[in-house]
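A.B. asks: For reference, the file model.txt (compact mmCIF, C-alpha atoms) is included below:
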# COMPACT_ATOMS: atom_id res chain seq x y z
CA MET A 1 0.00 0.00 0.00
CA PHE A 2 1.31 3.41 -0.96
CA PHE A 3 -0.15 6.44 0.86
CA ILE A 4 -0.27 10.10 -0.22
CA HIS A 5 -1.62 12.48 2.44
CA GLY A 6 -3.74 15.58 2.12
CA TRP A 7 -3.23 19.25 2.82
CA PRO A 8 -1.95 20.40 5.32
CA ASP A 9 -1.26 17.00 6.89
CA SER A 10 1.73 14.65 6.75
CA ALA A 11 2.36 10.95 6.40
CA ALA A 12 1.71 10.70 10.15
CA GLU A 13 -2.03 10.94 9.40
CA PHE A 14 -1.85 7.29 8.31
CA ALA A 15 -0.40 5.96 11.58
CA ALA A 16 -3.62 4.14 12.51
CA GLN A 17 -3.81 2.51 9.08
CA PHE A 18 -0.20 1.38 9.37
CA GLY A 19 -1.07 -0.14 12.73
CA GLY A 20 -3.95 -2.11 11.23
CA PHE A 21 -2.54 -3.09 7.85
CA CYS A 22 1.22 -3.26 8.30
CA TYR A 23 2.16 -4.20 11.87
CA GLY A 24 1.10 -6.75 14.43
CA PRO A 25 -0.50 -10.17 14.18
CA ASN A 26 -2.88 -9.16 11.36
CA ALA A 27 -0.26 -7.46 9.19
CA ARG A 28 -0.90 -8.31 5.55
CA TYR A 29 0.70 -5.46 3.63
CA CYS A 30 3.93 -3.63 2.98
CA CYS A 31 3.05 0.04 3.57
CA ILE A 32 4.80 3.22 2.45
CA ALA A 33 3.61 6.78 3.10
CA ILE A 34 5.40 9.78 1.67
CA THR A 35 5.40 13.19 3.32
CA LEU A 36 4.73 16.02 0.89
CA GLN A 37 7.56 18.49 0.45
CA ASN A 38 7.57 21.34 2.99
CA PHE A 39 5.25 19.41 5.33
CA HIS A 40 8.03 17.47 7.05
CA PRO A 41 9.49 19.52 9.94
CA GLU A 42 12.99 18.06 9.55
CA LEU A 43 13.41 18.52 5.78
CA PRO A 44 14.28 21.75 3.96
CA ASN A 45 11.72 23.45 1.75
CA ALA A 46 11.93 22.76 -1.97
CA PRO A 47 13.05 25.49 -4.36
CA LEU A 48 10.20 27.11 -6.29
CA ALA A 49 11.41 25.51 -9.53
CA ASP A 50 10.62 22.07 -8.04
CA LEU A 51 7.04 22.94 -7.14
CA ARG A 52 5.32 21.70 -10.27
CA ILE A 53 2.62 19.04 -10.27
CA LEU A 54 4.16 16.95 -13.05
CA GLU A 55 7.59 16.93 -11.39
CA SER A 56 5.94 15.93 -8.13
CA VAL A 57 4.09 13.08 -9.81
CA GLU A 58 7.34 11.88 -11.40
CA ARG A 59 9.09 11.90 -7.99
CA ILE A 60 6.29 9.75 -6.55
CA ALA A 61 6.44 7.36 -9.52
CA SER A 62 10.18 7.10 -9.03
CA THR A 63 9.69 6.38 -5.31
CA ILE A 64 7.22 3.59 -6.06
CA ARG A 65 9.70 2.05 -8.51
CA GLU A 66 12.68 2.46 -6.15
CA THR A 67 10.90 0.79 -3.23
CA GLY A 68 10.02 -2.22 -5.37
CA VAL A 69 6.38 -2.29 -4.28
CA VAL A 70 4.24 -4.42 -6.61
CA ASP A 71 0.50 -5.06 -6.77
CA THR A 72 0.14 -1.56 -5.33
CA THR A 73 -2.93 -0.14 -3.67
CA LEU A 74 -2.72 3.65 -3.82
CA VAL A 75 -4.37 5.28 -0.79
CA ILE A 76 -4.90 8.98 -1.46
CA HIS A 77 -6.48 11.67 0.73
CA ASP A 78 -7.56 15.25 0.04
CA TRP A 79 -4.78 17.09 -1.85
CA GLY A 80 -3.02 13.74 -2.16
CA SER A 81 -5.98 12.61 -4.27
CA PHE A 82 -5.31 15.37 -6.77
CA ILE A 83 -1.68 14.28 -7.03
CA GLY A 84 -2.62 10.58 -6.97
CA TYR A 85 -5.07 10.86 -9.85
CA GLN A 86 -2.37 12.54 -11.91
CA LEU A 87 -0.11 9.60 -11.08
CA LEU A 88 -2.80 7.15 -12.18
CA HIS A 89 -3.24 8.99 -15.47
CA LEU A 90 0.48 9.19 -16.26
CA HIS A 91 1.66 5.86 -14.78
CA PRO A 92 -1.25 3.39 -14.79
CA ASP A 93 1.26 0.52 -14.72
CA LEU A 94 2.31 1.37 -11.15
CA VAL A 95 -1.07 0.99 -9.43
CA GLU A 96 -3.47 -1.96 -9.29
CA ARG A 97 -6.21 -0.35 -7.19
CA THR A 98 -7.03 2.97 -5.55
CA ILE A 99 -8.67 4.10 -2.32
CA SER A 100 -9.46 7.81 -2.41
CA PHE A 101 -11.23 9.74 0.33
CA ASP A 102 -12.12 13.31 1.26
CA ILE A 103 -11.30 14.48 -2.24
CA GLY A 104 -13.46 17.59 -2.30
CA SER A 105 -15.52 18.78 -5.22
CA GLY A 106 -14.50 18.62 -8.87
CA GLY A 107 -16.24 21.95 -9.50
CA HIS A 108 -14.86 25.27 -10.61
CA PRO A 109 -11.50 26.14 -8.97
CA ASN A 110 -12.93 29.27 -7.37
CA THR A 111 -15.69 27.37 -5.54
CA THR A 112 -13.87 24.46 -3.88
CA TYR A 113 -11.13 24.10 -1.33
CA GLN A 114 -9.41 21.61 -3.64
CA GLY A 115 -9.49 24.27 -6.35
CA VAL A 116 -7.81 26.68 -3.97
CA ASN A 117 -5.10 24.07 -3.38
CA VAL A 118 -4.57 23.75 -7.13
CA GLN A 119 -4.37 27.52 -7.53
CA GLY A 120 -1.85 27.77 -4.69
CA PHE A 121 0.25 24.95 -6.13
CA GLU A 122 0.27 26.47 -9.61
CA ALA A 123 1.20 29.83 -8.05
CA HIS A 124 4.26 28.16 -6.47
CA ASP A 125 2.93 28.38 -2.93
CA SER A 126 5.46 26.15 -1.21
CA SER A 127 2.91 24.98 1.37
CA LEU A 128 1.19 22.90 -1.34
CA THR A 129 4.03 20.76 -2.61
CA GLN A 130 5.40 17.27 -2.18
CA SER A 131 8.36 15.06 -2.78
CA SER A 132 9.50 11.53 -2.35
CA ALA A 133 12.34 12.71 -0.11
CA ALA A 134 10.85 11.15 3.00
CA TYR A 135 8.63 8.15 3.41
CA TRP A 136 7.64 5.64 6.05
CA GLN A 137 8.06 2.01 5.23
CA ALA A 138 6.55 -0.81 7.20
CA PRO A 139 8.28 -4.21 7.32
CA CYS A 140 7.82 -6.17 4.11
CA GLU A 141 8.16 -9.90 3.94
CA GLU A 142 10.65 -11.12 1.36
Could I get this structure in the form of structure tokens?
C.D. replies:
Amino acid sequence: MFFIHGWPDSAAEFAAQFGGFCYGPNARYCCIAITLQNFHPELPNAPLADLRILESVERIASTIRETGVVDTTLVIHDWGSFIGYQLLHLHPDLVERTISFDIGSGGHPNTTYQGVNVQGFEAHDSSLTQSSAAYWQAPCEE
């Protein structure tokens, strides 16, 4: 399972899911959750030139490939859904199934909070960016 969090959260929002799916006696999955760029308190902010949706999607695709996860379930939340659906469109080979929640409305950008996120991202607002620089990984059986 590969998790992409929403705005303004971090990968920590999936701690309960990791506990249920990835650890303990009922663990069935290898789980990875990235933290979007500029959301992780211990990582530097990305330069404005790196704050483009397509570059972000490519970093996530690269992370999925580098971790070797197969038969991937993409779990996407809020702003992470916007990024995740771009990933699905550009790299359908990387994901077998998707769980998306709290994705907001698909209406006009001026009428939805997701639209505001998109506008901020396109305007290079560094609070709405992500990277594959940091991720959590639960134990994976060989």
A.B. asks: Just checking: using all atoms listed in the file, which residue out of A:Leu43, A:Arg65, A:Val75, A:Ala49 ends up closest to A:Gln17?
C.D. replies: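 Residue with the minimum atom-to-atom distance to A:Gln17: A:Val75.
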A.B. asks: So how many Å separate atom CA of A:Phe82 and atom CA of A:Pro41, to one decimal?
C.D. replies: 22.7 Å
A.B. asks: Which distance in Å separates atom CA of A:Ser62 and atom CA of A:Pro8, to one decimal?
C.D. replies: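 Separating atom CA of A:Ser62 from atom CA of A:Pro8 is a distance of 23.0 Å.
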A.B. asks: Work out how far apart atom CA of A:Asp50 and atom CA of A:His91 are and give it in Å to one decimal.
C.D. replies: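 The value is 19.7 Å.
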A.B. asks: Could you pull the residues within 10 Å of A:Glu58, counting all atoms listed in the file, minus those fewer than 3 positions along the same chain, as a ChimeraX atom specification?
C.D. replies: /A:53-55,61-64,86-87,90-91,131-132
A.B. asks: Can I get a file of stretch 35-118 of chain A from the given structure, C-alpha atoms kept, as a CSV table (one decimal), in the first residue's frame?
C.D. replies:
chain,number,residue,atom,x,y,z
A,35,THR,CA,5.4,13.2,3.3
A,36,LEU,CA,4.7,16.0,0.9
A,37,GLN,CA,7.6,18.5,0.4
A,38,ASN,CA,7.6,21.3,3.0
A,39,PHE,CA,5.2,19.4,5.3
A,40,HIS,CA,8.0,17.5,7.1
A,41,PRO,CA,9.5,19.5,9.9
A,42,GLU,CA,13.0,18.1,9.5
A,43,LEU,CA,13.4,18.5,5.8
A,44,PRO,CA,14.3,21.7,4.0
A,45,ASN,CA,11.7,23.4,1.7
A,46,ALA,CA,11.9,22.8,-2.0
A,47,PRO,CA,13.0,25.5,-4.4
A,48,LEU,CA,10.2,27.1,-6.3
A,49,ALA,CA,11.4,25.5,-9.5
A,50,ASP,CA,10.6,22.1,-8.0
A,51,LEU,CA,7.0,22.9,-7.1
A,52,ARG,CA,5.3,21.7,-10.3
A,53,ILE,CA,2.6,19.0,-10.3
A,54,LEU,CA,4.2,16.9,-13.1
A,55,GLU,CA,7.6,16.9,-11.4
A,56,SER,CA,5.9,15.9,-8.1
A,57,VAL,CA,4.1,13.1,-9.8
A,58,GLU,CA,7.3,11.9,-11.4
A,59,ARG,CA,9.1,11.9,-8.0
A,60,ILE,CA,6.3,9.8,-6.6
A,61,ALA,CA,6.4,7.4,-9.5
A,62,SER,CA,10.2,7.1,-9.0
A,63,THR,CA,9.7,6.4,-5.3
A,64,ILE,CA,7.2,3.6,-6.1
A,65,ARG,CA,9.7,2.0,-8.5
A,66,GLU,CA,12.7,2.5,-6.1
A,67,THR,CA,10.9,0.8,-3.2
A,68,GLY,CA,10.0,-2.2,-5.4
A,69,VAL,CA,6.4,-2.3,-4.3
A,70,VAL,CA,4.2,-4.4,-6.6
A,71,ASP,CA,0.5,-5.1,-6.8
A,72,THR,CA,0.1,-1.6,-5.3
A,73,THR,CA,-2.9,-0.1,-3.7
A,74,LEU,CA,-2.7,3.6,-3.8
A,75,VAL,CA,-4.4,5.3,-0.8
A,76,ILE,CA,-4.9,9.0,-1.5
A,77,HIS,CA,-6.5,11.7,0.7
A,78,ASP,CA,-7.6,15.2,0.0
A,79,TRP,CA,-4.8,17.1,-1.8
A,80,GLY,CA,-3.0,13.7,-2.2
A,81,SER,CA,-6.0,12.6,-4.3
A,82,PHE,CA,-5.3,15.4,-6.8
A,83,ILE,CA,-1.7,14.3,-7.0
A,84,GLY,CA,-2.6,10.6,-7.0
A,85,TYR,CA,-5.1,10.9,-9.8
A,86,GLN,CA,-2.4,12.5,-11.9
A,87,LEU,CA,-0.1,9.6,-11.1
A,88,LEU,CA,-2.8,7.1,-12.2
A,89,HIS,CA,-3.2,9.0,-15.5
A,90,LEU,CA,0.5,9.2,-16.3
A,91,HIS,CA,1.7,5.9,-14.8
A,92,PRO,CA,-1.2,3.4,-14.8
A,93,ASP,CA,1.3,0.5,-14.7
A,94,LEU,CA,2.3,1.4,-11.2
A,95,VAL,CA,-1.1,1.0,-9.4
A,96,GLU,CA,-3.5,-2.0,-9.3
A,97,ARG,CA,-6.2,-0.4,-7.2
A,98,THR,CA,-7.0,3.0,-5.5
A,99,ILE,CA,-8.7,4.1,-2.3
A,100,SER,CA,-9.5,7.8,-2.4
A,101,PHE,CA,-11.2,9.7,0.3
A,102,ASP,CA,-12.1,13.3,1.3
A,103,ILE,CA,-11.3,14.5,-2.2
A,104,GLY,CA,-13.5,17.6,-2.3
A,105,SER,CA,-15.5,18.8,-5.2
A,106,GLY,CA,-14.5,18.6,-8.9
A,107,GLY,CA,-16.2,21.9,-9.5
A,108,HIS,CA,-14.9,25.3,-10.6
A,109,PRO,CA,-11.5,26.1,-9.0
A,110,ASN,CA,-12.9,29.3,-7.4
A,111,THR,CA,-15.7,27.4,-5.5
A,112,THR,CA,-13.9,24.5,-3.9
A,113,TYR,CA,-11.1,24.1,-1.3
A,114,GLN,CA,-9.4,21.6,-3.6
A,115,GLY,CA,-9.5,24.3,-6.3
A,116,VAL,CA,-7.8,26.7,-4.0
A,117,ASN,CA,-5.1,24.1,-3.4
A,118,VAL,CA,-4.6,23.7,-7.1
